[in-house]
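Shown next, in structure tokens, is the structure this report addresses.
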Amino acid sequence: MERMKNGTAAGELSCLTGVRGIMNLIVMLHHFSVTFFSACFYGVEEWSHCDGMDITLGKSPLAFLVNGNSAVIEFFILSGIGIYLMSCAGESRFHRFLTLRYFKLVTLTVVSAFFVMAMWKLDAVVFLDVWEKLKTPWFDGWASEPATSFGRHLLNRPLDSMVDYSAALWPMRYFFFGTFFCAAVIWLGNRSRRPALFIALAAVLTIHIGEPYYCACVAGVALAYAYKKNRLPKLTWWSGGLCLLAGLYLFGYPTMISADTSPWYVLLYAPGMTVYYHILGASLLCLAAIAFKPAEKFFQMRAVQWMGKHSAAAYVIHYTIVISLSPLVFEKTFETCGYVPAAFCAIGAGLAAIYLIAFGLQPLLDWLYRLYQAAYTRAFSIEDQPNAGRGKEDIQRSCDSDERIEEAEHHRAGLLQRREPPANV
């Protein structure tokens, strides 16, 4: 694979930061909809609170607005893209990224579980008080405080065990193992004669063994590889619009509702196939964000970029709001406003609280990431630095010598240019 000597992953494809923000918003809307309008996701008429309109939304093309499963798959695709771009930034930076990946994921997991644990200790899980009114099967199994202590969860594989505190933490282990799977694919692809064919074989392998989330990571690697090789097509208004519409159609393909009951969905419906429809749709949306100018401009809007930059903190805190503040607002407004207005008030208040807390929490997470990077640099990179063990005077003399050599080369080049005979007219 092609190497980029002085390139960096930061700042490259900034539109994908906006994609991350929108996908995070869809995940939160999915969790809110499953909590207050579960019929939209499951299609059960007995759980409907608005005369079947929520079921109609779940069967319509607008279902992509609340399809959290596809949004999580988009996170895996973005992860694969970021891993490949980081591998192009140099081996030292790539090794540091792989080493610190575990600590970053554990930090997000522990912080999210800590907030949920605090709600249990403060007896602020209001969701339990309104569960019967909501008619939602969600949280079944998570509706009681975990029996194992927080400290024991922390010491015993936190990426797996912390799911007992927050149901939204299940993708963390897949992110961790998917990172090193992508790193292996990139490393082996660097040593193969046909990297594109090798990436395609890796995707086929993940489909064969039944690991769609790793397949999504490989799809991200393939998109990043095509981008670095300048093999992505330049989408026009027609091709870009078709790519965007097809991506939204597949992205919103029903997960729990049978597509046979909806006239909008004509593809084969099978429980094992829908996740690959989602992967294809999420990949097309990423392609549109990169190669289709209107989509790229949308994802580069200031508000969308802000959502993307605060997506980690918003994802960390949103489950806590779903089980505490939003049910509290719903409980206070249900008697006077009715179910549907109270549910929308709860969702609006929950989203506002999530982004407000994320605004203050994201700098703390960024500070922890910088702390990890500084610790890694101090522990592993001192001996690799070219000026390690040299005094300031030696370094200054070396820099002055390099500058004098560069000036001499420029002077010599100027003399040679003046000595050349004029070109014939």
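Chain labels run A, B, ... following the order of the structure tokens; each chain numbers its residues from 1, and ligands are numbered from 1 in the order shown.
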Residues of segment 192-322 of chain A in helix (DSSP H, G or I), written as an MDAnalysis selection string: chainID A and resid 195:208 212:228 237:251 259:261 274:291 293:299 302:309 311:322
Between segment 113-195 of chain A and segment 314-335 of chain A, at 6 Å or less, what are the per-residue closest atom pairs and their distances in Å? Count only C-alpha atoms, order by chain and rising residue number, and return it as a Markdown table.
```
| residue | atom | partner | partner_atom | distance |
| --- | --- | --- | --- | --- |
| A:Val116 | CA | A:Thr320 | CA | 5.4 |
| A:Ala124 | CA | A:Ser324 | CA | 5.9 |
| A:Val125 | CA | A:Ser324 | CA | 4.8 |
| A:Val126 | CA | A:Ser324 | CA | 5.1 |
| A:Phe127 | CA | A:Ile323 | CA | 5.0 |
```
Residue among A:Pro158, A:Val72, A:Val340, A:Phe64 lying closest to Gly247 of chain A, counting only C-alpha atoms: A:Phe64
For Leu242 of chain A, the nearest of the candidates A:Gly308, A:Gly350, A:Gly178, A:Gly281, counting only C-alpha atoms: A:Gly281
Among listed residues A:Ala379, A:Ala183, A:Thr136, A:Tyr277, nearest Glu45 of chain A (using only C-alpha atoms):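 Smallest distance to Glu45 of chain A is found for A:Thr136.
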Among the residues A:Arg378, A:Lys59, A:Lys297, A:His278, the one that comes closest to Tyr213 of chain A [using only C-alpha atoms]: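 The answer is A:His278, which sits nearest to Tyr213 of chain A.
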Å distance separating atom CA of Ala346 of chain A from atom CA of Asp164 of chain A, one decimal place: 24.5 Å
Spatial neighbours of Arg101 of chain A, 9 Å, only C-alpha atoms, chain gap at least 5 places, as a ChimeraX atom specification: /A:96,106,176,179
Taking N, CA and C atoms for each residue, export the selection above as an mmCIF file, in the first residue's frame.
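File produced: out-v9.cif:
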```cif
data_model
loop_
_atom_site.group_PDB
_atom_site.id
_atom_site.type_symbol
_atom_site.label_atom_id
_atom_site.label_comp_id
_atom_site.auth_asym_id
_atom_site.auth_seq_id
_atom_site.Cartn_x
_atom_site.Cartn_y
_atom_site.Cartn_z
ATOM 1 N N ARG A 96 1.829 4.151 18.185
ATOM 2 C CA ARG A 96 1.299 4.858 19.342
ATOM 3 C C ARG A 96 -0.224 4.803 19.366
ATOM 4 N N VAL A 106 -11.225 2.101 27.155
ATOM 5 C CA VAL A 106 -11.498 1.830 28.564
ATOM 6 C C VAL A 106 -11.934 3.106 29.273
ATOM 7 N N PHE A 176 -12.318 -2.559 19.924
ATOM 8 C CA PHE A 176 -10.962 -2.923 20.321
ATOM 9 C C PHE A 176 -10.394 -4.027 19.416
ATOM 10 N N THR A 179 -9.956 -2.958 15.779
ATOM 11 C CA THR A 179 -8.776 -2.127 15.537
ATOM 12 C C THR A 179 -7.584 -2.986 15.140
#
```
Met307 of chain A surroundings by only C-alpha atoms, 9 Å radius, close-in-sequence under 5 positions cut, as number ranges by chain: A: 17-18, 20-22, 24-25, 302, 314, 355
Nearest to Cys88 of chain A, chosen from A:Asn190, A:Gln362, A:Asn69, A:Gln305, with only C-alpha atoms counted in the distances: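 Closest to Cys88 of chain A of all the choices is A:Asn190.
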A:Ala374, A:Ala312, A:Val218, A:Met256 ranked by distance to Tyr42 of chain A, top pick (using only C-alpha atoms):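 Among the listed residues, A:Met256 lies closest to Tyr42 of chain A.
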Just want the 7 Å neighbourhood of Tyr165 of chain A, counted on only C-alpha atoms, with same-chain residues fewer than 6 positions away dropped. Output as a short mmCIF file (atom, residue, chain, number, x, y, z; two decimals) with C-alpha atoms, in the first residue's frame.
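Saved as selection_12.cif:
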```cif
data_model
loop_
_atom_site.label_atom_id
_atom_site.label_comp_id
_atom_site.auth_asym_id
_atom_site.auth_seq_id
_atom_site.Cartn_x
_atom_site.Cartn_y
_atom_site.Cartn_z
CA ALA A 113 -20.49 3.18 33.60
CA VAL A 116 -24.84 5.09 35.53
CA MET A 117 -23.51 3.69 38.81
CA PRO A 146 -25.77 -4.91 38.85
#
```
Segment 224-235 of chain A surroundings by only C-alpha atoms, 10 Å radius, close-in-sequence under 3 positions cut, as a PyMOL selection string: chain A and resi 1-4+13+77-78+80-85+88+186+195-196+199+218-221+238-243+287-288+290-293
